[in-house]
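Trainee: PDB, C-alpha atoms, saved as protein30.pdb, coming up:
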```
ATOM      1  CA  MET A   1       3.097 -46.161  25.286
ATOM      2  CA  SER A   2       0.818 -43.883  27.241
ATOM      3  CA  THR A   3       1.727 -40.401  28.316
ATOM      4  CA  TYR A   4       0.375 -38.109  30.948
ATOM      5  CA  ALA A   5      -0.730 -35.893  28.055
ATOM      6  CA  ASP A   6      -3.090 -38.672  26.919
ATOM      7  CA  TRP A   7      -5.088 -37.968  30.081
ATOM      8  CA  VAL A   8      -4.652 -34.208  30.306
ATOM      9  CA  PRO A   9      -5.494 -31.609  27.630
ATOM     10  CA  SER A  10      -2.932 -28.835  27.061
ATOM     11  CA  SER A  11      -4.580 -26.594  29.662
ATOM     12  CA  PRO A  12      -6.765 -28.804  31.826
ATOM     13  CA  PRO A  13     -10.066 -27.299  32.897
ATOM     14  CA  PRO A  14     -10.911 -27.798  36.560
ATOM     15  CA  ALA A  15     -13.249 -30.716  37.178
ATOM     16  CA  ARG A  16     -16.755 -29.521  37.924
ATOM     17  CA  ALA A  17     -19.256 -31.259  40.147
ATOM     18  CA  GLY A  18     -21.082 -33.882  38.115
ATOM     19  CA  GLN A  19     -18.174 -34.614  35.773
ATOM     20  CA  VAL A  20     -16.108 -37.773  35.991
ATOM     21  CA  PRO A  21     -12.580 -37.393  34.562
ATOM     22  CA  ALA A  22     -11.463 -40.050  32.063
ATOM     23  CA  PRO A  23      -8.674 -41.374  34.337
ATOM     24  CA  ALA A  24     -11.223 -41.822  37.149
ATOM     25  CA  GLU A  25     -13.616 -43.703  34.861
ATOM     26  CA  ALA A  26     -10.823 -46.079  33.855
ATOM     27  CA  VAL A  27      -9.587 -46.648  37.429
ATOM     28  CA  ILE A  28     -13.157 -47.202  38.670
ATOM     29  CA  GLU A  29     -13.753 -49.725  35.896
ATOM     30  CA  LEU A  30     -10.573 -51.538  36.964
ATOM     31  CA  VAL A  31     -11.593 -51.588  40.644
ATOM     32  CA  ASN A  32     -15.134 -52.708  39.773
ATOM     33  CA  SER A  33     -13.780 -55.608  37.713
ATOM     34  CA  ARG A  34     -13.176 -57.456  40.987
ATOM     35  CA  ARG A  35     -15.563 -60.002  42.463
ATOM     36  CA  HIS A  36     -18.081 -58.038  44.529
ATOM     37  CA  SER A  37     -21.797 -58.240  45.335
ATOM     38  CA  SER A  38     -23.053 -60.791  42.807
ATOM     39  CA  LEU A  39     -20.416 -60.126  40.133
ATOM     40  CA  GLU A  40     -17.591 -62.489  39.226
ATOM     41  CA  ASP A  41     -13.996 -61.407  38.562
ATOM     42  CA  GLN A  42     -14.277 -59.812  35.129
ATOM     43  CA  LEU A  43     -10.546 -60.099  34.458
ATOM     44  CA  ASP A  44     -11.156 -63.830  33.972
ATOM     45  CA  ASP A  45     -12.720 -62.884  30.617
ATOM     46  CA  PRO A  46      -9.879 -62.204  28.115
ATOM     47  CA  GLU A  47     -12.123 -59.952  25.970
ATOM     48  CA  PHE A  48     -13.090 -57.817  28.956
ATOM     49  CA  ALA A  49      -9.452 -57.654  30.085
ATOM     50  CA  ALA A  50      -8.372 -56.512  26.596
ATOM     51  CA  GLU A  51     -11.075 -53.839  26.471
ATOM     52  CA  LEU A  52     -10.138 -52.607  29.945
ATOM     53  CA  ALA A  53      -6.453 -52.563  28.988
ATOM     54  CA  ARG A  54      -7.276 -50.303  26.022
ATOM     55  CA  ARG A  55      -8.692 -47.760  28.496
ATOM     56  CA  PHE A  56      -5.147 -47.392  29.832
ATOM     57  CA  ALA A  57      -3.102 -48.201  26.709
ATOM     58  CA  PRO A  58      -5.111 -47.710  23.479
ATOM     59  CA  GLU A  59      -2.397 -49.335  21.368
ATOM     60  CA  VAL A  60      -2.724 -52.712  23.138
ATOM     61  CA  ASP A  61      -4.556 -55.502  21.291
ATOM     62  CA  GLY A  62      -4.763 -58.076  24.064
ATOM     63  CA  VAL A  63      -3.568 -58.868  27.544
ATOM     64  CA  SER A  64      -1.322 -61.801  28.357
ATOM     65  CA  PRO A  65      -2.111 -63.926  31.430
ATOM     66  CA  PRO A  66       0.907 -62.491  33.342
ATOM     67  CA  VAL A  67      -0.257 -58.918  32.680
ATOM     68  CA  ARG A  68      -3.779 -59.887  33.778
ATOM     69  CA  GLU A  69      -2.284 -61.107  37.051
ATOM     70  CA  GLU A  70      -0.388 -57.824  37.421
ATOM     71  CA  LEU A  71      -3.667 -55.965  36.789
ATOM     72  CA  ARG A  72      -5.335 -58.049  39.517
ATOM     73  CA  GLY A  73      -2.584 -57.042  41.935
ATOM     74  CA  LEU A  74      -2.912 -53.370  40.998
ATOM     75  CA  ARG A  75      -6.680 -53.614  41.305
ATOM     76  CA  ASP A  76      -6.372 -55.120  44.795
ATOM     77  CA  ALA A  77      -3.918 -52.408  45.840
ATOM     78  CA  LEU A  78      -6.183 -49.651  44.498
ATOM     79  CA  GLU A  79      -9.238 -51.165  46.181
ATOM     80  CA  ALA A  80      -7.396 -51.199  49.514
ATOM     81  CA  ILE A  81      -6.475 -47.516  49.089
ATOM     82  CA  VAL A  82      -9.993 -46.456  48.067
ATOM     83  CA  LEU A  83     -11.663 -48.621  50.708
ATOM     84  CA  GLY A  84     -10.387 -46.454  53.537
ATOM     85  CA  PRO A  85     -10.685 -45.700  56.499
ATOM     86  CA  ALA A  86      -7.155 -46.321  57.578
ATOM     87  CA  THR A  87      -4.541 -44.866  59.853
ATOM     88  CA  ASP A  88      -1.825 -42.815  58.199
ATOM     89  CA  ALA A  89       0.570 -45.749  58.580
ATOM     90  CA  GLU A  90      -1.890 -48.192  56.981
ATOM     91  CA  LEU A  91      -2.594 -45.826  54.106
ATOM     92  CA  ALA A  92       1.136 -45.264  53.562
ATOM     93  CA  ALA A  93       1.645 -49.043  53.434
ATOM     94  CA  ARG A  94      -1.145 -49.374  50.874
ATOM     95  CA  TRP A  95       0.426 -46.692  48.664
ATOM     96  CA  ARG A  96       3.832 -48.413  49.012
ATOM     97  CA  ASP A  97       2.205 -51.628  47.783
ATOM     98  CA  PHE A  98       0.803 -49.822  44.735
ATOM     99  CA  THR A  99       4.189 -48.189  44.118
ATOM    100  CA  ALA A 100       5.956 -51.560  44.314
ATOM    101  CA  ARG A 101       3.499 -53.063  41.841
ATOM    102  CA  THR A 102       4.257 -50.290  39.329
ATOM    103  CA  SER A 103       8.025 -50.230  39.927
ATOM    104  CA  ASN A 104       8.816 -51.835  36.546
ATOM    105  CA  VAL A 105       7.357 -48.796  34.793
ATOM    106  CA  THR A 106       9.734 -45.945  33.987
ATOM    107  CA  LEU A 107       8.310 -42.475  33.439
ATOM    108  CA  ARG A 108      10.131 -39.415  32.170
ATOM    109  CA  HIS A 109       9.267 -35.772  32.662
ATOM    110  CA  ASP A 110       9.068 -33.724  29.484
ATOM    111  CA  PHE A 111       9.074 -29.968  30.027
ATOM    112  CA  SER A 112       7.555 -27.657  27.441
ATOM    113  CA  PRO A 113       8.340 -24.002  26.706
ATOM    114  CA  LEU A 114       4.798 -23.206  27.882
ATOM    115  CA  GLY A 115       5.699 -24.264  31.416
ATOM    116  CA  GLN A 116       3.938 -27.604  31.321
ATOM    117  CA  VAL A 117       5.230 -30.948  32.517
ATOM    118  CA  VAL A 118       4.199 -34.103  30.721
ATOM    119  CA  LEU A 119       4.914 -37.549  32.138
ATOM    120  CA  ARG A 120       5.774 -40.037  29.419
ATOM    121  CA  GLN A 121       6.291 -43.754  29.843
ATOM    122  CA  VAL A 122       9.612 -44.924  28.439
ATOM    123  CA  ALA A 123       9.811 -48.502  29.773
ATOM    124  CA  GLY A 124       7.624 -51.214  31.213
ATOM    125  CA  ASP A 125       4.294 -52.733  30.279
ATOM    126  CA  PRO A 126       2.060 -50.090  28.634
ATOM    127  CA  VAL A 127      -1.077 -51.222  30.491
ATOM    128  CA  ILE A 128       0.581 -51.086  33.916
ATOM    129  CA  GLY A 129       2.121 -47.752  32.931
ATOM    130  CA  GLY A 130      -1.285 -46.455  31.870
ATOM    131  CA  VAL A 131      -2.730 -47.374  35.258
ATOM    132  CA  ALA A 132       0.170 -45.608  37.001
ATOM    133  CA  LEU A 133      -0.330 -42.500  34.838
ATOM    134  CA  ALA A 134      -4.092 -42.460  35.476
ATOM    135  CA  VAL A 135      -3.579 -42.701  39.242
ATOM    136  CA  ALA A 136      -0.838 -40.028  39.089
ATOM    137  CA  GLU A 137      -3.209 -37.651  37.291
ATOM    138  CA  LEU A 138      -6.006 -38.259  39.801
ATOM    139  CA  VAL A 139      -3.655 -37.609  42.723
ATOM    140  CA  ARG A 140      -2.116 -34.539  41.023
ATOM    141  CA  SER A 141      -5.489 -32.980  40.252
ATOM    142  CA  GLY A 142      -6.932 -33.649  43.713
ATOM    143  CA  ALA A 143      -9.609 -35.923  42.237
ATOM    144  CA  TRP A 144      -8.299 -39.075  43.951
ATOM    145  CA  SER A 145     -10.209 -38.249  47.148
ATOM    146  CA  ARG A 146     -13.469 -38.472  45.167
ATOM    147  CA  LEU A 147     -13.068 -42.218  44.537
ATOM    148  CA  ARG A 148     -15.231 -44.190  46.939
ATOM    149  CA  ILE A 149     -16.676 -47.611  47.685
ATOM    150  CA  CYS A 150     -20.476 -47.721  48.075
ATOM    151  CA  ALA A 151     -21.557 -47.581  51.736
ATOM    152  CA  ASN A 152     -24.010 -50.419  51.137
ATOM    153  CA  GLY A 153     -21.981 -53.392  52.360
ATOM    154  CA  ARG A 154     -23.916 -55.747  50.077
ATOM    155  CA  CYS A 155     -22.916 -53.676  47.032
ATOM    156  CA  ALA A 156     -19.303 -52.435  47.478
ATOM    157  CA  HIS A 157     -19.314 -50.843  43.995
ATOM    158  CA  ALA A 158     -16.585 -48.247  43.392
ATOM    159  CA  PHE A 159     -17.747 -44.840  42.165
ATOM    160  CA  TYR A 160     -16.669 -41.227  41.689
ATOM    161  CA  ASP A 161     -18.238 -38.734  44.097
ATOM    162  CA  THR A 162     -19.638 -35.992  41.859
ATOM    163  CA  THR A 163     -21.126 -33.895  44.656
ATOM    164  CA  ARG A 164     -19.750 -30.459  45.392
ATOM    165  CA  SER A 165     -19.522 -31.291  49.106
ATOM    166  CA  ARG A 166     -17.737 -34.627  48.488
ATOM    167  CA  THR A 167     -20.177 -36.471  50.735
ATOM    168  CA  GLN A 168     -21.770 -39.007  48.367
ATOM    169  CA  ARG A 169     -22.072 -42.376  50.127
ATOM    170  CA  TRP A 170     -23.846 -44.563  47.579
ATOM    171  CA  HIS A 171     -22.873 -45.441  44.031
ATOM    172  CA  SER A 172     -26.594 -44.989  43.257
ATOM    173  CA  TYR A 173     -29.045 -43.487  45.679
ATOM    174  CA  GLU A 174     -31.960 -45.272  44.008
ATOM    175  CA  ILE A 175     -30.360 -48.713  44.105
ATOM    176  CA  CYS A 176     -28.410 -48.603  47.369
ATOM    177  CA  GLY A 177     -29.064 -45.434  49.363
ATOM    178  CA  ASN A 178     -32.847 -45.336  49.453
ATOM    179  CA  PRO A 179     -33.409 -49.014  50.419
ATOM    180  CA  VAL A 180     -30.789 -48.787  53.196
ATOM    181  CA  ASN A 181     -32.281 -45.531  54.525
ATOM    182  CA  VAL A 182     -35.852 -46.911  54.402
ATOM    183  CA  ALA A 183     -34.791 -50.077  56.257
ATOM    184  CA  ALA A 184     -33.021 -47.989  58.914
ATOM    185  CA  TYR A 185     -36.071 -45.734  59.288
ATOM    186  CA  ARG A 186     -38.400 -48.714  59.665
ATOM    187  CA  ALA A 187     -36.093 -50.329  62.218
ATOM    188  CA  ARG A 188     -36.021 -47.127  64.291
ATOM    189  CA  ASN A 189     -39.796 -46.717  64.188
ATOM    190  CA  ARG A 190     -40.909 -50.307  64.835
ATOM    191  CA  GLN A 191     -43.539 -50.607  67.505
ATOM    192  CA  PRO A 192     -42.524 -52.981  70.290
ATOM    193  CA  THR A 193     -44.783 -56.025  70.290
TER     194      THR A 193
END
```
Hey, can you dump this file as structure tokens for me?
Mentor:
Amino acid sequence: MSTYADWVPSSPPPARAGQVPAPAEAVIELVNSRRHSSLEDQLDDPEFAAELARRFAPEVDGVSPPVREELRGLRDALEAIVLGPATDAELAARWRDFTARTSNVTLRHDFSPLGQVVLRQVAGDPVIGGVALAVAELVRSGAWSRLRICANGRCAHAFYDTTRSRTQRWHSYEICGNPVNVAAYRARNRQPT
């Protein structure tokens, strides 16, 4: 089963602008497995689902259909949280939904003589536990707020904001940002006919 230590080195370096932490990469891949833009639901493919599951639980060989359904539910809950904007009450409800979907996972705190705390999964599905541990690490490190959905409504791709100012709007400026900005510029500067 996964542990918090699988995601965090013994003394974690602070994330620098431009770097995407491993837990964020895995969570983003899970969120982007949903049907969006022209992509189909990738969890329908058992090979993809198994590969994604190994991002959260390396010891897992495959994913049963019930676990795939649980992953879909977690993915939907995470998408709702990342999607924002929401009132405090709406956001709290979204986090409660995620918490409920991971309630069958039991984690234990292990304290070391060096003053570190390691979360270790002791019960529940290892894939669901791995997702819970990845999200816990992102929240703990303050990196959760860097997860975003592309501002291009036709894209809706999840990404990790690597900018120092935390203001990135597009998953790719070249693919989504520039065309949207050019279209807006042209619309503003059209000559009335």
Trainee: Which segment 91-121 of chain A residues have any atom within 9 Å of an atom of segment 60-79 of chain A, and for each, what is the nearest pair of atoms with distance in Å to one decimal, counting all atoms listed in the file, rows sorted by chain and number, as a tab-separated table?
Mentor:
```
residue	atom	partner	partner_atom	distance
A:Arg94	CA	A:Ala77	CA	6.5
A:Trp95	CA	A:Ala77	CA	7.7
A:Asp97	CA	A:Ala77	CA	6.5
A:Phe98	CA	A:Ala77	CA	5.5
A:Arg101	CA	A:Leu74	CA	6.5
A:Thr102	CA	A:Leu74	CA	8.0
```
Trainee: What are the closest atom pairs, with distances in Å to one decimal, for all residues of segment 27-64 of chain A lying within 10 Å of segment 150-165 of chain A? Consider all atoms listed in the file, order rows by chain and residue number, and present the result as CSV.
Mentor:
```
residue,atom,partner,partner_atom,distance
A:Val27,CA,A:Ala158,CA,9.3
A:Ile28,CA,A:Ala158,CA,5.9
A:Glu29,CA,A:Ala158,CA,8.1
A:Leu30,CA,A:Ala158,CA,9.4
A:Val31,CA,A:Ala158,CA,6.6
A:Asn32,CA,A:Ala158,CA,5.9
A:Ser33,CA,A:His157,CA,9.6
A:Arg34,CA,A:His157,CA,9.5
A:Arg35,CA,A:Ala156,CA,9.8
A:His36,CA,A:Ala156,CA,6.4
A:Ser37,CA,A:Cys155,CA,5.0
A:Ser38,CA,A:Cys155,CA,8.3
A:Leu39,CA,A:Cys155,CA,9.8
```
Trainee: Would you mind reading off the distance between atom CA of Leu138 of chain A and atom CA of Gln42 of chain A, one decimal, in Å?
Mentor: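 For atom CA of Leu138 of chain A relative to atom CA of Gln42 of chain A, the distance reads 23.6 Å.
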Trainee: Taking into account all atoms listed in the file, which residue in the set A:Phe48, A:Tyr185, A:Phe111, A:Trp144 is nearest to Ala24 of chain A?
Mentor: A:Trp144
Trainee: To one decimal place in Å, what is the distance between atom CA of Val139 of chain A and atom CA of Thr99 of chain A?
Mentor: 13.2 Å
Trainee: Ranking A:Ser145, A:Pro46, A:Ala184, A:Asn189 by minimum distance to Pro85 of chain A and counting all atoms listed in the file, which one comes first?
Mentor: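 For Pro85 of chain A, the nearest of the given residues is A:Ser145.
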Trainee: Around all the atoms of segment 180-189 of chain A listed in the file, with 5 Å of room on each side, what axis-aligned box do you get, giving centre and edge lengths in Å to one decimal, as JSON?
Mentor:
```
{"center_x": -35.3, "center_y": -47.9, "center_z": 58.7, "size_x": 19.0, "size_y": 14.8, "size_z": 21.1}
```
Trainee: Hey, which of A:Asp41, A:Asn104, A:Val135, A:Arg146 ends up closest to Val20 of chain A? Count all atoms listed in the file.
Mentor: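 Between A:Asp41, A:Asn104, A:Val135, A:Arg146, the residue approaching Val20 of chain A most closely is A:Arg146.
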Trainee: What is the atom CA of Val122 of chain A-atom CA of Ala100 of chain A distance in Å, reported with one decimal?
Mentor: 17.6 Å
